[in-house]
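Have a look at final_6.txt; it's compact mmCIF, C-alpha atoms and all ligand atoms:
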```txt
# COMPACT_ATOMS: atom_id res chain seq x y z
CA MET A 1 219.45 160.62 190.88
CA ILE A 2 218.51 157.71 193.12
CA GLU A 3 215.13 156.02 193.05
CA ILE A 4 214.34 152.96 195.13
CA ARG A 5 211.06 151.07 195.06
CA GLY A 6 210.06 148.24 197.40
CA LEU A 7 213.66 147.41 198.34
CA ALA A 8 213.86 144.42 200.67
CA LYS A 9 216.51 142.19 202.23
CA SER A 10 216.49 139.48 204.88
CA TYR A 11 219.42 137.59 206.38
CA GLY A 12 217.85 134.19 206.97
CA PRO A 13 214.87 134.84 209.26
CA ARG A 14 216.12 138.34 210.15
CA LEU A 15 214.37 141.10 208.17
CA ALA A 16 217.00 143.85 207.66
CA VAL A 17 215.20 146.06 205.11
CA GLY A 18 211.45 145.70 204.74
CA GLY A 19 210.37 147.09 201.36
CA ILE A 20 211.39 150.74 201.35
CA ASP A 21 210.76 153.51 198.78
CA LEU A 22 213.17 156.42 198.49
CA VAL A 23 213.88 159.25 196.04
CA VAL A 24 216.99 161.43 196.24
CA PRO A 25 216.89 164.35 193.78
CA ARG A 26 219.91 165.81 192.03
CA GLY A 27 222.20 168.07 194.06
CA ARG A 28 220.96 167.15 197.49
CA ILE A 29 222.65 165.87 200.62
CA PHE A 30 220.39 163.21 201.96
CA GLY A 31 220.73 161.66 205.42
CA LEU A 32 219.60 158.21 206.48
CA LEU A 33 219.29 158.42 210.26
CA GLY A 34 218.78 155.47 212.55
CA HIS A 35 219.98 153.42 215.51
CA ASN A 36 222.46 150.56 215.18
CA GLY A 37 220.81 147.68 213.36
CA ALA A 38 218.11 149.85 211.74
CA GLY A 39 219.11 148.64 208.26
CA LYS A 40 221.08 151.63 206.99
CA ARG A 41 224.19 149.77 205.91
CA THR A 42 222.20 147.02 204.23
CA THR A 43 220.30 149.71 202.28
CA LEU A 44 223.51 151.45 201.18
CA GLN A 45 225.14 148.14 200.22
CA MET A 46 222.16 147.35 197.99
CA LEU A 47 221.99 150.75 196.34
CA THR A 48 225.71 150.62 195.51
CA GLY A 49 225.33 147.19 193.93
CA CYS A 50 227.43 145.42 196.60
CA LEU A 51 224.57 143.31 197.93
CA LEU A 52 221.78 141.70 195.95
CA PRO A 53 218.31 142.58 197.26
CA ASP A 54 215.60 139.97 197.76
CA GLY A 55 213.16 142.26 195.99
CA GLY A 56 212.62 145.78 194.72
CA GLU A 57 214.05 148.13 192.13
CA ILE A 58 216.96 150.57 192.19
CA GLU A 59 217.56 153.28 189.60
CA ILE A 60 220.75 155.35 189.56
CA CYS A 61 220.57 158.32 187.18
CA GLY A 62 217.70 156.55 185.42
CA ILE A 63 219.67 153.31 184.95
CA ASP A 64 218.35 150.07 186.40
CA LEU A 65 221.12 148.92 188.77
CA LEU A 66 220.00 145.30 188.88
CA HIS A 67 219.79 144.91 185.09
CA GLN A 68 222.70 147.15 184.03
CA PRO A 69 224.99 147.05 187.06
CA ALA A 70 228.24 148.12 185.37
CA LEU A 71 226.59 151.10 183.70
CA ALA A 72 224.79 152.19 186.88
CA LYS A 73 227.83 151.69 189.14
CA ALA A 74 229.92 153.98 186.93
CA HIS A 75 227.79 156.83 188.34
CA ILE A 76 228.37 155.85 191.98
CA GLY A 77 231.18 156.55 194.42
CA TYR A 78 231.02 154.59 197.67
CA LEU A 79 232.75 154.93 201.00
CA PRO A 80 231.86 151.92 203.16
CA GLU A 81 231.96 152.33 206.96
CA THR A 82 235.46 150.82 206.97
CA PRO A 83 237.36 152.67 204.21
CA PRO A 84 238.70 150.21 201.63
CA LEU A 85 242.33 151.36 201.94
CA TYR A 86 245.60 149.60 201.18
CA ARG A 87 247.49 150.81 204.23
CA GLU A 88 250.92 149.94 202.83
CA LEU A 89 250.50 152.09 199.69
CA SER A 90 251.21 155.81 199.41
CA VAL A 91 248.17 158.08 199.04
CA ASP A 92 249.06 158.89 195.43
CA ASP A 93 249.68 155.26 194.41
CA TYR A 94 246.41 154.18 196.00
CA LEU A 95 244.36 156.92 194.34
CA ILE A 96 245.92 156.18 190.93
CA PHE A 97 245.00 152.54 191.52
CA ALA A 98 241.41 153.57 192.39
CA ALA A 99 241.20 155.70 189.23
CA ARG A 100 242.53 152.85 187.07
CA LEU A 101 239.95 150.50 188.61
CA ARG A 102 237.35 153.00 187.43
CA GLY A 103 238.64 152.54 183.88
CA MET A 104 240.63 155.76 183.53
CA LYS A 105 243.71 155.88 181.31
CA HIS A 106 247.03 156.82 182.95
CA SER A 107 246.88 160.42 181.74
CA GLU A 108 243.26 160.83 182.92
CA ALA A 109 244.11 159.23 186.25
CA ALA A 110 246.99 161.67 186.82
CA ALA A 111 244.72 164.66 186.14
CA ALA A 112 241.97 163.20 188.37
CA LEU A 113 244.53 162.60 191.12
CA ALA A 114 245.64 166.23 191.14
CA GLN A 115 242.05 167.50 191.27
CA THR A 116 240.92 165.01 193.91
CA ARG A 117 243.91 165.66 196.16
CA GLN A 118 243.07 169.34 196.04
CA ARG A 119 239.35 168.80 196.74
CA CYS A 120 240.05 166.52 199.68
CA GLY A 121 242.92 168.54 201.17
CA LEU A 122 245.48 165.81 200.53
CA GLU A 123 248.13 167.82 198.66
CA ALA A 124 250.65 167.63 201.52
CA VAL A 125 250.38 163.89 202.10
CA GLY A 126 250.48 162.42 198.58
CA ARG A 127 253.72 160.56 199.20
CA LYS A 128 252.87 159.40 202.71
CA ILE A 129 252.06 155.77 203.43
CA ILE A 130 248.33 155.50 204.21
CA GLY A 131 248.89 153.42 207.37
CA THR A 132 250.94 156.26 208.89
CA LEU A 133 248.17 158.88 208.46
CA SER A 134 245.75 160.01 211.19
CA LYS A 135 242.24 158.56 211.10
CA GLY A 136 240.86 161.86 209.78
CA TYR A 137 243.30 161.84 206.87
CA GLN A 138 242.60 158.17 206.19
CA GLN A 139 238.91 159.10 205.98
CA ARG A 140 239.76 161.83 203.47
CA VAL A 141 241.61 159.25 201.37
CA GLY A 142 238.52 157.00 201.61
CA ILE A 143 236.37 159.87 200.34
CA ALA A 144 238.95 160.66 197.64
CA GLN A 145 238.75 157.12 196.22
CA ALA A 146 234.95 157.49 196.16
CA ILE A 147 234.99 160.72 194.13
CA ILE A 148 238.04 160.34 191.88
CA HIS A 149 235.90 159.36 188.85
CA HIS A 150 233.50 162.34 189.32
CA PRO A 151 230.42 160.28 190.22
CA ASP A 152 226.94 161.81 190.11
CA VAL A 153 225.98 159.92 193.28
CA ILE A 154 228.22 159.68 196.36
CA VAL A 155 227.29 157.17 199.07
CA LEU A 156 228.95 157.56 202.48
CA ASP A 157 228.36 155.04 205.27
CA GLU A 158 228.82 156.74 208.66
CA PRO A 159 231.54 159.03 207.29
CA THR A 160 232.53 160.67 210.60
CA VAL A 161 232.38 157.70 212.95
CA GLY A 162 235.45 157.41 215.20
CA LEU A 163 236.85 160.85 214.32
CA ASP A 164 237.76 163.61 216.79
CA PRO A 165 235.74 166.88 216.85
CA THR A 166 238.17 168.76 214.59
CA GLN A 167 238.31 165.93 212.07
CA ILE A 168 234.49 165.69 212.16
CA ARG A 169 234.20 169.40 211.36
CA GLU A 170 236.64 169.09 208.44
CA ILE A 171 234.95 166.02 206.96
CA ARG A 172 231.51 167.65 207.27
CA THR A 173 232.80 170.73 205.42
CA LEU A 174 234.18 168.47 202.69
CA ILE A 175 230.85 166.60 202.40
CA ARG A 176 228.94 169.89 202.07
CA GLU A 177 231.29 170.89 199.23
CA LEU A 178 230.71 167.53 197.51
CA GLY A 179 226.98 168.27 197.62
CA ASP A 180 227.52 171.25 195.30
CA SER A 181 228.38 169.01 192.35
CA SER A 182 226.89 165.58 193.19
CA SER A 183 224.02 164.01 195.07
CA VAL A 184 225.22 162.66 198.39
CA ILE A 185 223.51 160.04 200.52
CA LEU A 186 224.99 159.32 203.93
CA SER A 187 224.06 157.20 206.90
CA THR A 188 224.50 158.24 210.49
CA HIS A 189 223.10 157.63 213.95
CA GLN A 190 223.83 161.20 215.02
CA LEU A 191 220.98 163.69 214.82
CA GLY A 192 223.50 166.57 214.95
CA GLU A 193 225.19 165.25 211.84
CA VAL A 194 222.07 165.38 209.68
CA GLU A 195 221.18 168.77 211.14
CA SER A 196 224.55 170.21 210.22
CA ILE A 197 225.06 168.64 206.78
CA CYS A 198 221.86 167.36 205.19
CA ASP A 199 219.15 169.04 203.13
CA ARG A 200 216.75 166.17 203.72
CA VAL A 201 216.54 163.29 206.16
CA GLN A 202 214.69 160.01 206.44
CA ILE A 203 214.60 158.10 209.71
CA MET A 204 214.99 154.34 209.57
CA GLN A 205 213.88 151.91 212.24
CA ASP A 206 213.69 148.11 212.11
CA GLY A 207 214.17 148.08 208.35
CA LYS A 208 211.41 150.63 207.63
CA LEU A 209 211.47 154.34 206.80
CA ILE A 210 209.41 156.04 209.46
P1 LIG B 301 224.89 149.84 212.22
O1 LIG B 301 224.90 151.32 212.38
O2 LIG B 301 225.06 149.12 213.52
O3 LIG B 301 225.80 149.31 211.14
P2 LIG B 301 222.67 149.63 210.42
O4 LIG B 301 221.51 150.54 210.56
O5 LIG B 301 223.67 149.96 209.38
O6 LIG B 301 223.39 149.47 211.80
P3 LIG B 301 222.56 146.98 209.25
O7 LIG B 301 224.02 146.76 209.41
O8 LIG B 301 222.01 147.16 207.90
O9 LIG B 301 222.06 148.18 210.16
O10 LIG B 301 221.82 145.73 209.93
C1 LIG B 301 220.41 145.54 209.89
C2 LIG B 301 220.09 144.22 210.58
O11 LIG B 301 220.60 143.15 209.78
C3 LIG B 301 220.73 144.06 211.96
O12 LIG B 301 219.81 143.36 212.76
C4 LIG B 301 221.95 143.24 211.71
O13 LIG B 301 222.29 142.47 212.83
C5 LIG B 301 221.51 142.34 210.53
N1 LIG B 301 222.63 142.00 209.67
C6 LIG B 301 223.42 142.86 208.97
N2 LIG B 301 224.33 142.20 208.23
C7 LIG B 301 224.11 140.87 208.45
C8 LIG B 301 224.70 139.67 207.95
N3 LIG B 301 225.71 139.70 207.08
N4 LIG B 301 224.21 138.50 208.39
C9 LIG B 301 223.18 138.46 209.27
N5 LIG B 301 222.57 139.55 209.77
C10 LIG B 301 223.02 140.74 209.36
```
So that I can check it, write out the structure of this file as structure tokens.
Amino acid sequence: MIEIRGLAKSYGPRLAVGGIDLVVPRGRIFGLLGHNGAGKRTTLQMLTGCLLPDGGEIEICGIDLLHQPALAKAHIGYLPETPPLYRELSVDDYLIFAARLRGMKHSEAAAALAQTRQRCGLEAVGRKIIGTLSKGYQQRVGIAQAIIHHPDVIVLDEPTVGLDPTQIREIRTLIRELGDSSSVILSTHQLGEVESICDRVQIMQDGKLI
């Protein structure tokens, strides 16, 4: 589902990702584990097409991301570390907006909304304003916008950071369920997180997979 070869990125003189190779097969939950500054976020930003690499190749579902970005990105759902939420919108309005951004017609978006709300446990808060929700619920909305178009590949950047223990447990359960139908790649600096959710793990340090 994801294949990366020789992926590299520097910020000026600072090497952030130093030519990594990575393969994530279909239907796996894959963890990228590393300390702060290891290069995890830079890697995820490149493999979601948000940041142009200095070198290397990225294939998503067999599609070259750098040469056919729109086609490849249609297969990806992405939750950045800070969820891209419009805090003044209701949950439903925001998710419809996310679905429309993904090119769905109104009728498709309404059906996708109902299914996604159910998958993410958001049925009771559809009409609530996002800014009034707890952090755990805001994280669910962030995951919902990432999966509303049924992507084959779901990319989650530190999905449980800043949540309380109950919220962490709920989000981890949700991520495990997502792994039944999609390939999931997530970054974390918590060993316990990869142990409890992931099928496979790669450890990253100073821009290298070790
Ligand atoms: P964290 O968990 O702290 O986000 P990370 O493993 O995700 O860490 P990155 O955010 O990818 O790591 O950062 C890798 C290196 O690149 C770090 O040394 C960081 O300071 C540097 N870096 C990241 N973004 C930029 C930027 N926009 N400009 C300059 N340097 C950057």
| field | Ser183 in chain A environment, 7 Å, all atoms listed in the file, sequence neighbours closer than 2 positions dropped, as a ChimeraX atom specification | value | /A:26-29,152-154,179,185
| Residue neighbourhood range 113-125 of chain A, 8 Å, only C-alpha atoms, exclusion window fewer than 6 positions, as a ChimeraX atom specification | /A:91-92,95-96,99,137,140-141,143-144,147-148,174
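Relative to CA of Leu47 in chain A, CA of Ala72 in chain A is found at 10.0 Å.
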| task | Select the residues contacting ligand LIG 301 (chain B) at a distance of at most 7 Å, based on only C-alpha atoms and all ligand atoms, then format the selection as a list of chain:residue names. | result |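 Listed by chain and ascending number, the contacts are A:Tyr11, A:Arg14, A:Leu15, A:Ala16, A:Gly34, A:His35, A:Asn36, A:Gly37, A:Ala38, A:Gly39, A:Lys40, A:Arg41, A:Thr42, A:Thr43, A:His189, A:Gly207.
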| Could you work out how far CA of Asp199 in chain A lies from CA of Gly55 in chain A, giving the answer in Å with one decimal? |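 Straight-line distance from CA of Gly55 in chain A to CA of Asp199 in chain A works out to 28.4 Å.
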| Nearest candidate to His150 in chain A (options A:Gly77, A:Gly126, A:Gly12, A:Gly131; using all atoms listed in the file) | A:Gly77
| request: Would you mind listing what lies within 6 Å of range 80-85 of chain A as a list in words, with all atoms listed in the file counted and same-chain residues fewer than 3 positions away left out? | output: Gly142, Asp157 and Glu158 of chain A
| request: Take CA of Val161 in chain A and CA of Thr188 in chain A and report the distance between them in Å, one decimal. | output: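 So the two atoms, CA of Val161 in chain A and CA of Thr188 in chain A, lie 8.3 Å apart.
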| request: Counting all atoms listed in the file, note down every residue that has an atom within 9 Å of the point (226.2, 166.0, 206.6) (file coordinates), as an MDAnalysis selection string. | output: chainID A and resid 29:31 159 171:173 175:176 184:186 188 192:199
| With only C-alpha atoms as the atoms that count, which of A:Leu191, A:Leu32, A:Ala74, A:Val17 lies nearest to Asp54 in chain A? |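 The closest residue to Asp54 in chain A is A:Val17.
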| query | Quick one: of A:Gly49, A:His67, A:Val23, A:Ile203, who's nearest to Gln190 in chain A, counting all atoms listed in the file? | reply |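 Closest candidate: A:Ile203.
Counting all atoms listed in the file, the residue from A:Met104, A:Ser10, A:Pro69, A:Thr160 that sits nearest to Gln139 in chain A is A:Thr160.
Of the listed residues A:Ile2, A:Leu33, A:Val24, A:Met46, the one whose atoms come nearest to Met204 in chain A is A:Leu33, with distances taken using all atoms listed in the file.
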| task | Using all atoms listed in the file, find the one residue out of A:Arg5, A:Arg127, A:Arg100, A:Lys105 that sits nearest to Glu57 in chain A. | result | A:Arg5
